[in-house]
Amino acid sequence: MEFQSCVKIINEWDIVAARQLGRNVAKELGFGTVDQARITTAISELARNIYLYAGQGSVSIEKLNINGKSGLKIIADDQGPGIEDIRRVMEDGYTTSGGLGAGLPGAKRLMDDFDIESIPGEGTKIIATKWLR
Amino acid sequence: MDIRENMEKKYHEALSTYLKDQNEQALYQGQKISRLHIKYNISPEEIISMHKNNLMELYPELPGKVLDSFDFLLEVMMGYGIAYREHQSLRHQQQELKTEIEIAANVQHTLLETEIPDIKALEIGAISVPARQMNGDYYHFVQDENERIGVGIADVIGKGIPAALCMSMIKYAMDSLPEHRHEPNSVLESLNRVVEHNVDPSMFITMFYGLYDPHDRLFSYASAGHEPGFYYDAATGTFSDLDAKGLLLGVDKKTRYRQYEKKVNRGDMIILLSDGVTECRTNDGFIEGKRLLVSLKRICICKPRKW
C-alpha cells in the first residue's frame, strides 16, 4: 500500500505542519538537504496559496515507487475560488499578492513534475512530484 | 555530474587554502568560482550545502550548532535561488523576444520597400534610419502610366512596434487606392478614412503626399499635419518652407484636405522629411529648422543620391 498523509490547511500554522510532514517524508526517502529544502519550500508555497486565496484545503504527501524509482508527490487540494487564467499565474513575474512570493512558477521549478487543474468557482488541485536521483 | 564534482573539488581547494592563510589570492579564487557557478547554473542553496559539507570534512570537531546554522541559511537562501531561476528564465524569454523583433524588423523592411523611380527629368534620393529596431517612418514612391510621380511620407506619432505595424497598414491602403485617385488631397482623404476606421484612437499619423507631373512641371501636394518640407528656388538661391495645412490622419473621418501647387523650375529642389529629423538630438540639443536649412544650403551644391 502506498503511504499517504494529509494536513488540513486552515490557518498559518498548518503551513508549518505541512512543511514538517514533507520534510520528514523527504528525509525518509533519502533526499539530500538541498532537495529537502526544495520540496519543503514548494509545499510551503502551495500551502500558503491555499491559506491566502482559498481559505481552506489540504496538502497530502505521498511516497512513490514506480519502476524502482522513488519519489515524493505533493497534492494540494482546495475548494476555493479557483484560477481563471492558469497560463497567467504560471507566468514568471506574476503574483496576485504583488509580493515577492515565489508563487506557482517558483514551486514548479523546485519540483520535477507539476500539474495544475482548476475549475473557477469550485477549486484547484495541484500535483507536484520530485524524483530521487 | 562531472562538472558538479569538479566544482566541488575547486570549492574545497579554494576554501581550505583561504582558511589556512587568509590572503587575497584565495579570495580571488572565490570570485572566479562564483562566476563558474553562475555559468553552470548552480543555485545559492547548493553552494551553501557545498560549504557545509566542506566544513564538516575540514573540521570534523566543529560544534553541531555551527553546522546547523547552515541549514537555516540554506532555507533563507531558497527564495534567492527561486529568484535566480526566474531571472534566468526571463532572460531567456527576453532573448527570444529580441530575436522575434529582429525578424519582424526584416519582414517590415521587405514589406515597406519602395523603388525609387528613374525618370530623366528628376533626380531623387531617399534615406530612412530607424530610431529603434522597427521603423515608424515610411516613404513610398509611385509612378503612374502618365509618368507622374507620387511621393508619400508618413510618420506615426509614437515609436516602436505598434507604430511599425501601423505603417504596414498605410502601405497596403496606398497600394489598394484606385489608379485615378492619385491626387494628393484625395489620397490623404482615403487614407484618413482607413486610419480612422482601423487604428486605435490613441494613434495618429502625419503624412505628406505630393504628385509631380513632368509634363507641366507642376508639383501638387497636401499635408496631414506633417513636418513641413523645404523648397529650394534655384533662381534666387533661397529656401522656403513647403507649408501646407491639414489635420492629422485618424482624427475625423470627414476631414477634407487642401491641395497646393507649385511650379518647379530647372535646378529647384524639394526636401521632405519626418519629425524624426527635427527631433534628432545632437550634442548641441535638438536640430532646429533654421539650423537644418543652414546645413542644407551647404550640401545643396551636391547632387542628390541614395545616401
# chains A, B, ... in the order shown; residues from 1 in each chain; ligands from 1

$ closest_atom_pairs --of "chain B" --to "chain A" --cutoff "9 Å" --atoms "only C-alpha atoms" --output "CSV"
residue,atom,partner,partner_atom,distance
B:Glu45,CA,A:Val34,CA,6.5
B:Glu46,CA,A:Val34,CA,6.3
B:Ile48,CA,A:Val34,CA,8.9
B:Ser49,CA,A:Val34,CA,6.6
B:Asp71,CA,A:Thr33,CA,7.9
B:Leu74,CA,A:Ala37,CA,7.6
B:Glu75,CA,A:Ala37,CA,6.3
B:Met78,CA,A:Arg38,CA,7.3
B:Gly79,CA,A:Ala102,CA,6.9
B:Ile82,CA,A:Gly106,CA,5.7
B:Ala83,CA,A:Ala102,CA,7.3
B:Arg85,CA,A:Arg109,CA,7.8
B:Glu86,CA,A:Asp92,CA,6.4
B:His87,CA,A:Asp92,CA,8.6
B:Ser89,CA,A:Asp92,CA,7.9
B:Leu90,CA,A:Asp92,CA,7.1

$ select_by_dssp --residues "segment 30-76 of chain A" --states "strand (DSSP E or B)" --output "list in words"
Gly57, Ser58, Val59, Ser60, Ile61, Glu62, Lys63, Leu64, Asn65, Ile66, Lys69, Ser70, Gly71, Leu72, Lys73, Ile74, Ile75 and Ala76 of chain A

$ write_last_selection --atoms "C-alpha atoms" --output "CSV table (one decimal), in the first residue's frame"
chain,number,residue,atom,x,y,z
A,57,GLY,CA,-7.9,23.0,1.7
A,58,SER,CA,-5.4,20.3,2.3
A,59,VAL,CA,-1.9,19.2,1.4
A,60,SER,CA,-1.2,15.5,1.1
A,61,ILE,CA,2.2,13.8,0.8
A,62,GLU,CA,2.7,10.5,-1.0
A,63,LYS,CA,5.7,8.2,-1.3
A,64,LEU,CA,6.1,6.9,-4.8
A,65,ASN,CA,7.8,3.8,-6.1
A,66,ILE,CA,7.4,3.3,-9.8
A,69,LYS,CA,12.3,4.9,-8.9
A,70,SER,CA,11.4,6.6,-5.6
A,71,GLY,CA,9.7,9.9,-5.4
A,72,LEU,CA,7.7,12.2,-3.3
A,73,LYS,CA,4.3,13.5,-4.5
A,74,ILE,CA,2.6,16.6,-3.2
A,75,ILE,CA,-1.1,17.0,-3.7
A,76,ALA,CA,-2.5,20.4,-2.8

$ select_by_dssp --residues "segment 10-132 of chain A" --states "alpha helix (DSSP H)" --output "number ranges by chain"
A: 12-29, 33-49, 86-89, 103-110

$ residues_around --residues "Lys253 of chain B" --least-positions-apart "4" --cutoff "7 Å" --atoms "only C-alpha atoms" --output "tab-separated table (two decimals) with N, CA and C atoms, in the first residue's frame"
chain	number	residue	atom	x	y	z
B	192	ASN	N	-7.10	58.75	-44.62
B	192	ASN	CA	-7.67	59.23	-43.36
B	192	ASN	C	-8.83	58.34	-42.93
B	193	ARG	N	-9.66	57.97	-43.91
B	193	ARG	CA	-10.80	57.11	-43.57
B	193	ARG	C	-10.33	55.73	-43.11
B	196	GLU	N	-8.80	56.19	-39.61
B	196	GLU	CA	-9.85	56.49	-38.61
B	196	GLU	C	-10.60	55.21	-38.27

$ residues_around --residues "Asp118 of chain B" --least-positions-apart "6" --cutoff "12 Å" --atoms "only C-alpha atoms" --output "list in words"
Ile124, Gly125, Phe141, Val142, Gln143, Glu147, Arg148, Ile149 and Arg305 of chain B
